[in-house]
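Novice: My structure file protein-v6.pdb, PDB, C-alpha atoms, is below:
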MODEL        1
ATOM      1  CA  MET A   1      76.787 200.070 -17.196  1.00  0.00           C
ATOM      2  CA  ALA A   2      75.443 199.636 -13.665  1.00  0.00           C
ATOM      3  CA  ALA A   3      72.316 197.503 -13.333  1.00  0.00           C
ATOM      4  CA  VAL A   4      69.194 199.667 -13.252  1.00  0.00           C
ATOM      5  CA  PRO A   5      65.503 198.705 -13.447  1.00  0.00           C
ATOM      6  CA  TYR A   6      64.640 200.759 -16.552  1.00  0.00           C
ATOM      7  CA  LYS A   7      67.464 201.196 -19.055  1.00  0.00           C
ATOM      8  CA  ASP A   8      65.544 203.728 -21.182  1.00  0.00           C
ATOM      9  CA  SER A   9      64.747 205.975 -18.200  1.00  0.00           C
ATOM     10  CA  ASN A  10      66.413 209.331 -17.571  1.00  0.00           C
ATOM     11  CA  LEU A  11      65.993 208.920 -13.813  1.00  0.00           C
ATOM     12  CA  SER A  12      68.927 208.073 -11.533  1.00  0.00           C
ATOM     13  CA  LYS A  13      69.184 204.502 -10.218  1.00  0.00           C
ATOM     14  CA  LYS A  14      67.661 205.755  -6.959  1.00  0.00           C
ATOM     15  CA  GLY A  15      64.696 207.274  -8.808  1.00  0.00           C
ATOM     16  CA  GLN A  16      64.206 204.134 -10.882  1.00  0.00           C
ATOM     17  CA  VAL A  17      64.292 201.880  -7.802  1.00  0.00           C
ATOM     18  CA  GLU A  18      61.653 204.064  -6.143  1.00  0.00           C
ATOM     19  CA  GLU A  19      59.469 203.927  -9.276  1.00  0.00           C
ATOM     20  CA  MET A  20      59.893 200.158  -9.607  1.00  0.00           C
ATOM     21  CA  PHE A  21      58.886 199.400  -6.010  1.00  0.00           C
ATOM     22  CA  ASP A  22      55.936 201.790  -6.172  1.00  0.00           C
ATOM     23  CA  GLN A  23      54.840 199.914  -9.297  1.00  0.00           C
ATOM     24  CA  ILE A  24      55.132 196.379  -7.889  1.00  0.00           C
ATOM     25  CA  SER A  25      54.211 197.118  -4.255  1.00  0.00           C
ATOM     26  CA  PRO A  26      50.625 195.723  -4.410  1.00  0.00           C
ATOM     27  CA  ARG A  27      51.953 192.272  -5.367  1.00  0.00           C
ATOM     28  CA  TYR A  28      55.416 192.411  -3.801  1.00  0.00           C
ATOM     29  CA  ASP A  29      54.751 190.193  -0.754  1.00  0.00           C
ATOM     30  CA  LEU A  30      52.917 187.594  -2.835  1.00  0.00           C
ATOM     31  CA  LEU A  31      55.744 187.392  -5.355  1.00  0.00           C
ATOM     32  CA  ASN A  32      58.500 187.406  -2.759  1.00  0.00           C
ATOM     33  CA  HIS A  33      57.151 184.427  -0.849  1.00  0.00           C
ATOM     34  CA  LEU A  34      55.982 182.602  -3.987  1.00  0.00           C
ATOM     35  CA  LEU A  35      59.273 182.907  -5.853  1.00  0.00           C
ATOM     36  CA  SER A  36      61.402 181.987  -2.825  1.00  0.00           C
ATOM     37  CA  VAL A  37      59.018 179.202  -1.703  1.00  0.00           C
ATOM     38  CA  ASN A  38      58.939 181.014   1.666  1.00  0.00           C
ATOM     39  CA  ILE A  39      62.632 180.286   2.300  1.00  0.00           C
ATOM     40  CA  ASP A  40      63.120 184.058   2.693  1.00  0.00           C
ATOM     41  CA  LYS A  41      61.244 183.830   6.014  1.00  0.00           C
ATOM     42  CA  ILE A  42      63.808 181.330   7.325  1.00  0.00           C
ATOM     43  CA  TRP A  43      66.704 183.546   6.231  1.00  0.00           C
ATOM     44  CA  ARG A  44      65.112 186.547   7.923  1.00  0.00           C
ATOM     45  CA  ARG A  45      64.650 184.604  11.176  1.00  0.00           C
ATOM     46  CA  ARG A  46      68.300 183.561  11.154  1.00  0.00           C
ATOM     47  CA  ALA A  47      69.429 187.144  10.514  1.00  0.00           C
ATOM     48  CA  ILE A  48      67.325 188.405  13.417  1.00  0.00           C
ATOM     49  CA  GLY A  49      68.711 185.577  15.551  1.00  0.00           C
ATOM     50  CA  LEU A  50      72.221 187.010  15.211  1.00  0.00           C
ATOM     51  CA  LEU A  51      70.993 190.172  16.936  1.00  0.00           C
ATOM     52  CA  ARG A  52      69.475 188.410  19.930  1.00  0.00           C
ATOM     53  CA  LYS A  53      72.642 188.297  22.042  1.00  0.00           C
ATOM     54  CA  HIS A  54      73.183 192.047  21.514  1.00  0.00           C
ATOM     55  CA  LYS A  55      69.739 192.966  22.903  1.00  0.00           C
ATOM     56  CA  PRO A  56      69.345 196.174  20.867  1.00  0.00           C
ATOM     57  CA  GLY A  57      67.085 198.823  22.382  1.00  0.00           C
ATOM     58  CA  SER A  58      66.785 200.888  19.205  1.00  0.00           C
ATOM     59  CA  LEU A  59      66.836 199.399  15.710  1.00  0.00           C
ATOM     60  CA  LEU A  60      66.858 200.955  12.230  1.00  0.00           C
ATOM     61  CA  ASP A  61      65.629 198.844   9.299  1.00  0.00           C
ATOM     62  CA  ILE A  62      66.808 200.336   5.995  1.00  0.00           C
ATOM     63  CA  ALA A  63      65.022 199.568   2.712  1.00  0.00           C
ATOM     64  CA  THR A  64      62.260 198.228   4.943  1.00  0.00           C
ATOM     65  CA  GLY A  65      59.824 197.810   2.057  1.00  0.00           C
ATOM     66  CA  THR A  66      56.636 196.225   3.382  1.00  0.00           C
ATOM     67  CA  ALA A  67      58.268 195.940   6.827  1.00  0.00           C
ATOM     68  CA  ASP A  68      58.883 192.173   6.956  1.00  0.00           C
ATOM     69  CA  PHE A  69      62.286 192.623   8.593  1.00  0.00           C
ATOM     70  CA  ALA A  70      60.977 195.251  11.034  1.00  0.00           C
ATOM     71  CA  VAL A  71      58.078 192.995  12.054  1.00  0.00           C
ATOM     72  CA  ALA A  72      60.427 190.013  12.471  1.00  0.00           C
ATOM     73  CA  ALA A  73      62.710 192.152  14.669  1.00  0.00           C
ATOM     74  CA  ALA A  74      59.808 192.828  17.063  1.00  0.00           C
ATOM     75  CA  ARG A  75      60.473 189.434  18.698  1.00  0.00           C
ATOM     76  CA  LEU A  76      63.746 190.919  20.027  1.00  0.00           C
ATOM     77  CA  LYS A  77      61.595 193.193  22.209  1.00  0.00           C
ATOM     78  CA  PRO A  78      63.477 196.444  21.499  1.00  0.00           C
ATOM     79  CA  LYS A  79      62.138 199.781  22.719  1.00  0.00           C
ATOM     80  CA  LYS A  80      61.810 201.238  19.210  1.00  0.00           C
ATOM     81  CA  ILE A  81      62.098 200.097  15.584  1.00  0.00           C
ATOM     82  CA  THR A  82      62.320 202.650  12.771  1.00  0.00           C
ATOM     83  CA  GLY A  83      61.933 201.532   9.165  1.00  0.00           C
ATOM     84  CA  ILE A  84      62.832 203.696   6.169  1.00  0.00           C
ATOM     85  CA  ASP A  85      62.304 203.270   2.452  1.00  0.00           C
ATOM     86  CA  LEU A  86      62.236 205.347  -0.734  1.00  0.00           C
ATOM     87  CA  SER A  87      58.951 203.830  -1.920  1.00  0.00           C
ATOM     88  CA  GLU A  88      55.792 205.278  -0.412  1.00  0.00           C
ATOM     89  CA  GLY A  89      53.845 202.459  -2.073  1.00  0.00           C
ATOM     90  CA  MET A  90      55.800 199.838  -0.132  1.00  0.00           C
ATOM     91  CA  LEU A  91      55.554 201.832   3.117  1.00  0.00           C
ATOM     92  CA  LYS A  92      51.777 202.088   2.758  1.00  0.00           C
ATOM     93  CA  ILE A  93      51.481 198.301   2.700  1.00  0.00           C
ATOM     94  CA  GLY A  94      53.994 198.000   5.545  1.00  0.00           C
ATOM     95  CA  ARG A  95      51.928 200.343   7.741  1.00  0.00           C
ATOM     96  CA  LYS A  96      48.824 198.218   7.158  1.00  0.00           C
ATOM     97  CA  LYS A  97      50.768 195.094   8.120  1.00  0.00           C
ATOM     98  CA  ILE A  98      52.070 196.752  11.299  1.00  0.00           C
ATOM     99  CA  ALA A  99      48.567 197.930  12.251  1.00  0.00           C
ATOM    100  CA  ALA A 100      47.127 194.443  11.680  1.00  0.00           C
ATOM    101  CA  LYS A 101      49.697 193.027  14.097  1.00  0.00           C
ATOM    102  CA  GLY A 102      49.138 195.753  16.692  1.00  0.00           C
ATOM    103  CA  LEU A 103      52.726 196.994  16.487  1.00  0.00           C
ATOM    104  CA  GLU A 104      52.108 200.715  15.828  1.00  0.00           C
ATOM    105  CA  GLN A 105      53.601 201.738  19.196  1.00  0.00           C
ATOM    106  CA  LEU A 106      56.806 199.818  18.477  1.00  0.00           C
ATOM    107  CA  ILE A 107      57.437 200.297  14.739  1.00  0.00           C
ATOM    108  CA  GLU A 108      57.495 203.618  12.880  1.00  0.00           C
ATOM    109  CA  LEU A 109      57.905 203.755   9.088  1.00  0.00           C
ATOM    110  CA  ARG A 110      59.309 206.826   7.338  1.00  0.00           C
ATOM    111  CA  LYS A 111      60.096 207.761   3.743  1.00  0.00           C
ATOM    112  CA  ALA A 112      63.822 208.490   3.644  1.00  0.00           C
ATOM    113  CA  ASP A 113      66.982 208.011   1.591  1.00  0.00           C
ATOM    114  CA  SER A 114      69.466 205.397   2.831  1.00  0.00           C
ATOM    115  CA  GLU A 115      72.345 207.473   1.461  1.00  0.00           C
ATOM    116  CA  SER A 116      71.308 210.580   3.417  1.00  0.00           C
ATOM    117  CA  LEU A 117      69.814 209.311   6.672  1.00  0.00           C
ATOM    118  CA  PRO A 118      67.780 211.878   8.666  1.00  0.00           C
ATOM    119  CA  PHE A 119      69.256 210.806  12.013  1.00  0.00           C
ATOM    120  CA  ASP A 120      71.989 212.062  14.332  1.00  0.00           C
ATOM    121  CA  ASN A 121      75.332 210.323  14.740  1.00  0.00           C
ATOM    122  CA  ASP A 122      75.415 207.337  17.118  1.00  0.00           C
ATOM    123  CA  THR A 123      71.620 206.928  17.285  1.00  0.00           C
ATOM    124  CA  PHE A 124      70.881 203.196  16.876  1.00  0.00           C
ATOM    125  CA  ASP A 125      72.019 200.040  18.647  1.00  0.00           C
ATOM    126  CA  ALA A 126      71.493 197.981  15.491  1.00  0.00           C
ATOM    127  CA  VAL A 127      70.846 198.503  11.779  1.00  0.00           C
ATOM    128  CA  THR A 128      69.391 195.893   9.429  1.00  0.00           C
ATOM    129  CA  VAL A 129      69.014 195.784   5.644  1.00  0.00           C
ATOM    130  CA  GLY A 130      67.079 192.975   3.992  1.00  0.00           C
ATOM    131  CA  PHE A 131      67.570 192.618   0.223  1.00  0.00           C
ATOM    132  CA  GLY A 132      68.291 196.330  -0.122  1.00  0.00           C
ATOM    133  CA  VAL A 133      72.010 197.108  -0.250  1.00  0.00           C
ATOM    134  CA  ARG A 134      72.374 196.068  -3.904  1.00  0.00           C
ATOM    135  CA  ASN A 135      69.799 198.766  -4.732  1.00  0.00           C
ATOM    136  CA  PHE A 136      71.955 201.547  -3.249  1.00  0.00           C
ATOM    137  CA  GLU A 137      72.984 203.982  -5.947  1.00  0.00           C
ATOM    138  CA  ASN A 138      76.304 204.540  -4.158  1.00  0.00           C
ATOM    139  CA  LEU A 139      77.079 201.487  -2.023  1.00  0.00           C
ATOM    140  CA  GLU A 140      79.970 203.012  -0.057  1.00  0.00           C
ATOM    141  CA  LYS A 141      78.013 206.195   0.669  1.00  0.00           C
ATOM    142  CA  GLY A 142      75.052 204.205   2.007  1.00  0.00           C
ATOM    143  CA  LEU A 143      77.270 202.008   4.168  1.00  0.00           C
ATOM    144  CA  THR A 144      79.128 205.070   5.496  1.00  0.00           C
ATOM    145  CA  GLU A 145      75.794 206.595   6.528  1.00  0.00           C
ATOM    146  CA  ILE A 146      74.885 203.381   8.339  1.00  0.00           C
ATOM    147  CA  PHE A 147      78.237 203.451  10.159  1.00  0.00           C
ATOM    148  CA  ARG A 148      77.565 207.072  11.163  1.00  0.00           C
ATOM    149  CA  VAL A 149      74.149 206.470  12.747  1.00  0.00           C
ATOM    150  CA  LEU A 150      75.208 203.299  14.594  1.00  0.00           C
ATOM    151  CA  ARG A 151      76.278 203.731  18.203  1.00  0.00           C
ATOM    152  CA  PRO A 152      79.831 202.595  19.039  1.00  0.00           C
ATOM    153  CA  GLY A 153      79.584 198.840  19.560  1.00  0.00           C
ATOM    154  CA  GLY A 154      76.398 198.765  17.473  1.00  0.00           C
ATOM    155  CA  VAL A 155      75.692 195.829  15.156  1.00  0.00           C
ATOM    156  CA  PHE A 156      74.984 195.865  11.423  1.00  0.00           C
ATOM    157  CA  ILE A 157      73.131 192.907   9.841  1.00  0.00           C
ATOM    158  CA  VAL A 158      72.594 192.504   6.103  1.00  0.00           C
ATOM    159  CA  LEU A 159      70.563 189.826   4.315  1.00  0.00           C
ATOM    160  CA  GLU A 160      71.181 189.873   0.584  1.00  0.00           C
ATOM    161  CA  PHE A 161      71.009 187.658  -2.477  1.00  0.00           C
ATOM    162  CA  SER A 162      74.352 186.216  -3.561  1.00  0.00           C
ATOM    163  CA  GLN A 163      75.867 183.883  -6.117  1.00  0.00           C
ATOM    164  CA  PRO A 164      76.226 180.169  -5.256  1.00  0.00           C
ATOM    165  CA  ARG A 165      79.827 178.911  -5.279  1.00  0.00           C
ATOM    166  CA  ASN A 166      78.989 175.411  -6.563  1.00  0.00           C
ATOM    167  CA  ARG A 167      79.274 175.569 -10.357  1.00  0.00           C
ATOM    168  CA  PHE A 168      76.475 173.082 -11.115  1.00  0.00           C
ATOM    169  CA  PHE A 169      74.011 174.602  -8.648  1.00  0.00           C
ATOM    170  CA  ARG A 170      75.007 178.082  -9.797  1.00  0.00           C
ATOM    171  CA  GLY A 171      74.002 177.149 -13.354  1.00  0.00           C
ATOM    172  CA  LEU A 172      70.573 175.908 -12.211  1.00  0.00           C
ATOM    173  CA  TYR A 173      70.149 178.952 -10.001  1.00  0.00           C
ATOM    174  CA  PHE A 174      70.831 181.459 -12.761  1.00  0.00           C
ATOM    175  CA  PHE A 175      68.636 179.527 -15.224  1.00  0.00           C
ATOM    176  CA  TYR A 176      65.754 179.971 -12.776  1.00  0.00           C
ATOM    177  CA  PHE A 177      66.810 183.542 -11.979  1.00  0.00           C
ATOM    178  CA  THR A 178      67.136 184.685 -15.615  1.00  0.00           C
ATOM    179  CA  ARG A 179      64.446 182.608 -17.371  1.00  0.00           C
ATOM    180  CA  ILE A 180      61.713 181.486 -14.966  1.00  0.00           C
ATOM    181  CA  LEU A 181      61.640 184.261 -12.371  1.00  0.00           C
ATOM    182  CA  PRO A 182      61.377 187.213 -14.827  1.00  0.00           C
ATOM    183  CA  TRP A 183      58.533 185.441 -16.673  1.00  0.00           C
ATOM    184  CA  LEU A 184      56.586 184.767 -13.463  1.00  0.00           C
ATOM    185  CA  GLY A 185      57.374 188.214 -12.099  1.00  0.00           C
ATOM    186  CA  ARG A 186      56.178 189.894 -15.281  1.00  0.00           C
ATOM    187  CA  ILE A 187      52.863 188.015 -15.216  1.00  0.00           C
ATOM    188  CA  VAL A 188      52.090 188.693 -11.557  1.00  0.00           C
ATOM    189  CA  SER A 189      53.585 192.174 -11.060  1.00  0.00           C
ATOM    190  CA  LYS A 190      52.689 193.595 -14.508  1.00  0.00           C
ATOM    191  CA  ASP A 191      56.142 195.187 -14.591  1.00  0.00           C
ATOM    192  CA  ASN A 192      58.303 194.064 -17.515  1.00  0.00           C
ATOM    193  CA  ARG A 193      61.646 194.994 -15.951  1.00  0.00           C
ATOM    194  CA  ALA A 194      61.456 194.517 -12.170  1.00  0.00           C
ATOM    195  CA  TYR A 195      62.336 190.816 -12.116  1.00  0.00           C
ATOM    196  CA  THR A 196      64.860 191.109 -14.937  1.00  0.00           C
ATOM    197  CA  TYR A 197      66.693 193.769 -12.934  1.00  0.00           C
ATOM    198  CA  LEU A 198      66.873 191.400  -9.927  1.00  0.00           C
ATOM    199  CA  PRO A 199      69.327 188.837 -11.425  1.00  0.00           C
ATOM    200  CA  GLU A 200      71.306 191.641 -13.079  1.00  0.00           C
ATOM    201  CA  SER A 201      71.758 193.412  -9.750  1.00  0.00           C
ATOM    202  CA  VAL A 202      72.728 190.147  -8.002  1.00  0.00           C
ATOM    203  CA  ARG A 203      75.430 189.426 -10.595  1.00  0.00           C
ATOM    204  CA  GLU A 204      76.821 192.941 -10.124  1.00  0.00           C
ATOM    205  CA  PHE A 205      76.788 192.960  -6.313  1.00  0.00           C
ATOM    206  CA  PRO A 206      80.176 192.384  -4.583  1.00  0.00           C
ATOM    207  CA  ASP A 207      79.200 189.465  -2.343  1.00  0.00           C
ATOM    208  CA  GLY A 208      81.133 187.346   0.155  1.00  0.00           C
ATOM    209  CA  ASP A 209      84.648 188.525   1.007  1.00  0.00           C
ATOM    210  CA  ASP A 210      84.313 191.408  -1.452  1.00  0.00           C
ATOM    211  CA  PHE A 211      81.442 192.885   0.567  1.00  0.00           C
ATOM    212  CA  THR A 212      83.066 192.330   3.954  1.00  0.00           C
ATOM    213  CA  GLY A 213      86.188 193.987   2.519  1.00  0.00           C
ATOM    214  CA  ILE A 214      84.148 197.101   1.762  1.00  0.00           C
ATOM    215  CA  LEU A 215      82.688 197.037   5.274  1.00  0.00           C
ATOM    216  CA  LYS A 216      86.186 196.862   6.783  1.00  0.00           C
ATOM    217  CA  ASN A 217      87.392 199.782   4.633  1.00  0.00           C
ATOM    218  CA  ILE A 218      84.514 201.894   5.949  1.00  0.00           C
ATOM    219  CA  GLY A 219      85.516 201.126   9.537  1.00  0.00           C
ATOM    220  CA  PHE A 220      83.448 198.107  10.584  1.00  0.00           C
ATOM    221  CA  GLU A 221      85.092 195.282  12.498  1.00  0.00           C
ATOM    222  CA  ARG A 222      84.224 191.631  13.251  1.00  0.00           C
ATOM    223  CA  CYS A 223      82.879 191.277   9.720  1.00  0.00           C
ATOM    224  CA  LYS A 224      81.517 187.820   8.919  1.00  0.00           C
ATOM    225  CA  TRP A 225      79.357 186.276   6.229  1.00  0.00           C
ATOM    226  CA  HIS A 226      77.083 183.260   6.450  1.00  0.00           C
ATOM    227  CA  PRO A 227      75.882 181.663   3.158  1.00  0.00           C
ATOM    228  CA  GLN A 228      72.263 180.466   3.171  1.00  0.00           C
ATOM    229  CA  THR A 229      70.723 177.621   1.129  1.00  0.00           C
ATOM    230  CA  MET A 230      73.831 176.789  -0.930  1.00  0.00           C
ATOM    231  CA  GLY A 231      74.714 180.451  -1.307  1.00  0.00           C
ATOM    232  CA  ILE A 232      71.441 181.738  -2.785  1.00  0.00           C
ATOM    233  CA  ALA A 233      71.503 184.393  -0.064  1.00  0.00           C
ATOM    234  CA  THR A 234      74.071 185.518   2.483  1.00  0.00           C
ATOM    235  CA  ILE A 235      73.764 187.027   5.953  1.00  0.00           C
ATOM    236  CA  TYR A 236      76.496 189.519   6.826  1.00  0.00           C
ATOM    237  CA  GLU A 237      77.254 190.801  10.304  1.00  0.00           C
ATOM    238  CA  ALA A 238      79.595 193.604  11.323  1.00  0.00           C
ATOM    239  CA  GLN A 239      80.141 195.893  14.281  1.00  0.00           C
ATOM    240  CA  LYS A 240      81.051 199.540  14.772  1.00  0.00           C
ATOM    241  CA  PRO A 241      84.111 199.672  17.059  1.00  0.00           C
ATOM    242  CA  LYS A 242      83.515 200.636  20.663  1.00  0.00           C
ATOM    243  CA  LYS A 243      85.056 203.867  21.899  1.00  0.00           C
ATOM    244  CA  PRO A 244      88.273 203.367  23.896  1.00  0.00           C
ATOM    245  CA  SER A 245      87.572 203.414  27.624  1.00  0.00           C
TER     246      SER A 245
ENDMDL
END
Show me, as structure tokens, the structure contained in the file I just sent.
Specialist:
Amino acid sequence: MAAVPYKDSNLSKKGQVEEMFDQISPRYDLLNHLLSVNIDKIWRRRAIGLLRKHKPGSLLDIATGTADFAVAAARLKPKKITGIDLSEGMLKIGRKKIAAKGLEQLIELRKADSESLPFDNDTFDAVTVGFGVRNFENLEKGLTEIFRVLRPGGVFIVLEFSQPRNRFFRGLYFFYFTRILPWLGRIVSKDNRAYTYLPESVREFPDGDDFTGILKNIGFERCKWHPQTMGIATIYEAQKPKKPS
């Protein structure tokens, strides 16, 4: 059975993910930075750094949540950043964050489904997803939609949790992930399942070469992956082929 937040729910995975993030949104940023000891900020900076040489004018941030990735991308000085997410609770907090930083003219947040993007073909110079692709109900469908809305030559950057390759470190990692993190997450977020679902979804996600293989099958080229902090997370980069001249 595919990993879902609430095993006794009749909702689809998509509906459960939306419900989960609405539930934990008030404490999401606190938990994220606390549980990762702020290393997630370093990973995000590195992911954004891979976009710098491409100088994207328009950027789409999928599963934007509270807009951390969208805000980080502002340092690239694009003309427009659009962030989408299923959870209105997360978007509400993201809009407050954007307003506090004076970025309302640059960043727009919209409620939308990553597997049915409300944008025309070949719209964006770059697409980013931070810790969101493993929540797609249909991974290939979501990635195909991303390919569709990217302009030819456009860049796709993904930051996602992964499984460390070192056996000893992997054991420590999953002890923390399956024993400590769910306990802390339950206390702070008041949601019994959200931080149990996290390690389950990471175990299930096709990381490394498996993920880049899926990207290639969809049509992306120049697919690379860059492990972060002994493989706790991975940054993936890929490109939509340019049209023949």
Novice: Kindly indicate which residue among A:Asp29, A:Asp125, A:Ile48, A:Lys53 lies nearest to Arg75 (chain A), using only C-alpha atoms for the distances.
Specialist: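 Among the listed residues, A:Ile48 lies closest to Arg75 (chain A).
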Novice: Just the residues within 10 Å of Pro182 (chain A), please, counting only C-alpha atoms, with nothing from its chain fewer than 2 positions along; format it as a PyMOL selection string.
Specialist: chain A and resi 176-180+184-189+191-199
Novice: Excluding region 84-93 of chain A and residues on its chain fewer than 3 positions from it, collect all residues at most 8 Å away from it, counting all atoms listed in the file, and give them as a PyMOL selection string.
Specialist: chain A and resi 18-19+21-23+25-26+60-67+96-97+109-114
Novice: Using the selection just defined, write its residues with C-alpha atoms as a compact mmCIF listing (two decimals), in the frame of the given file.
Specialist:
# COMPACT_ATOMS: atom_id res chain seq x y z
CA GLU A 18 61.65 204.06 -6.14
CA GLU A 19 59.47 203.93 -9.28
CA PHE A 21 58.89 199.40 -6.01
CA ASP A 22 55.94 201.79 -6.17
CA GLN A 23 54.84 199.91 -9.30
CA SER A 25 54.21 197.12 -4.26
CA PRO A 26 50.62 195.72 -4.41
CA LEU A 60 66.86 200.96 12.23
CA ASP A 61 65.63 198.84 9.30
CA ILE A 62 66.81 200.34 6.00
CA ALA A 63 65.02 199.57 2.71
CA THR A 64 62.26 198.23 4.94
CA GLY A 65 59.82 197.81 2.06
CA THR A 66 56.64 196.22 3.38
CA ALA A 67 58.27 195.94 6.83
CA LYS A 96 48.82 198.22 7.16
CA LYS A 97 50.77 195.09 8.12
CA LEU A 109 57.90 203.76 9.09
CA ARG A 110 59.31 206.83 7.34
CA LYS A 111 60.10 207.76 3.74
CA ALA A 112 63.82 208.49 3.64
CA ASP A 113 66.98 208.01 1.59
CA SER A 114 69.47 205.40 2.83
Novice: Could you tell me, as a VMD selection string, which residues have any atom at most 9 Å from (72.9, 184.5, -7.8), counting only C-alpha atoms?
Specialist: chain A and resid 161 to 164 170 173 to 174 177 199 202 to 203 231 to 233
Novice: List the spatial neighbours of region 226-228 of chain A as a PyMOL selection string - criterion: any atom at most 12 Å away, only C-alpha atoms, same-chain residues fewer than 2 positions off excluded.
Specialist: chain A and resi 39-47+50+157-166+207-209+212+223-224+230-238
Novice: Between A:Phe131, A:Asp210, A:Glu115, A:Lys141, which one has atoms that come closest to Asn32 (chain A), using all atoms listed in the file?
Specialist: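 Closest to Asn32 (chain A), using all atoms listed in the file: A:Phe131.
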Novice: Rounded to one decimal place, report the CA of Glu137 (chain A)-CA of Phe220 (chain A) distance in Å.
Specialist: 20.4 Å
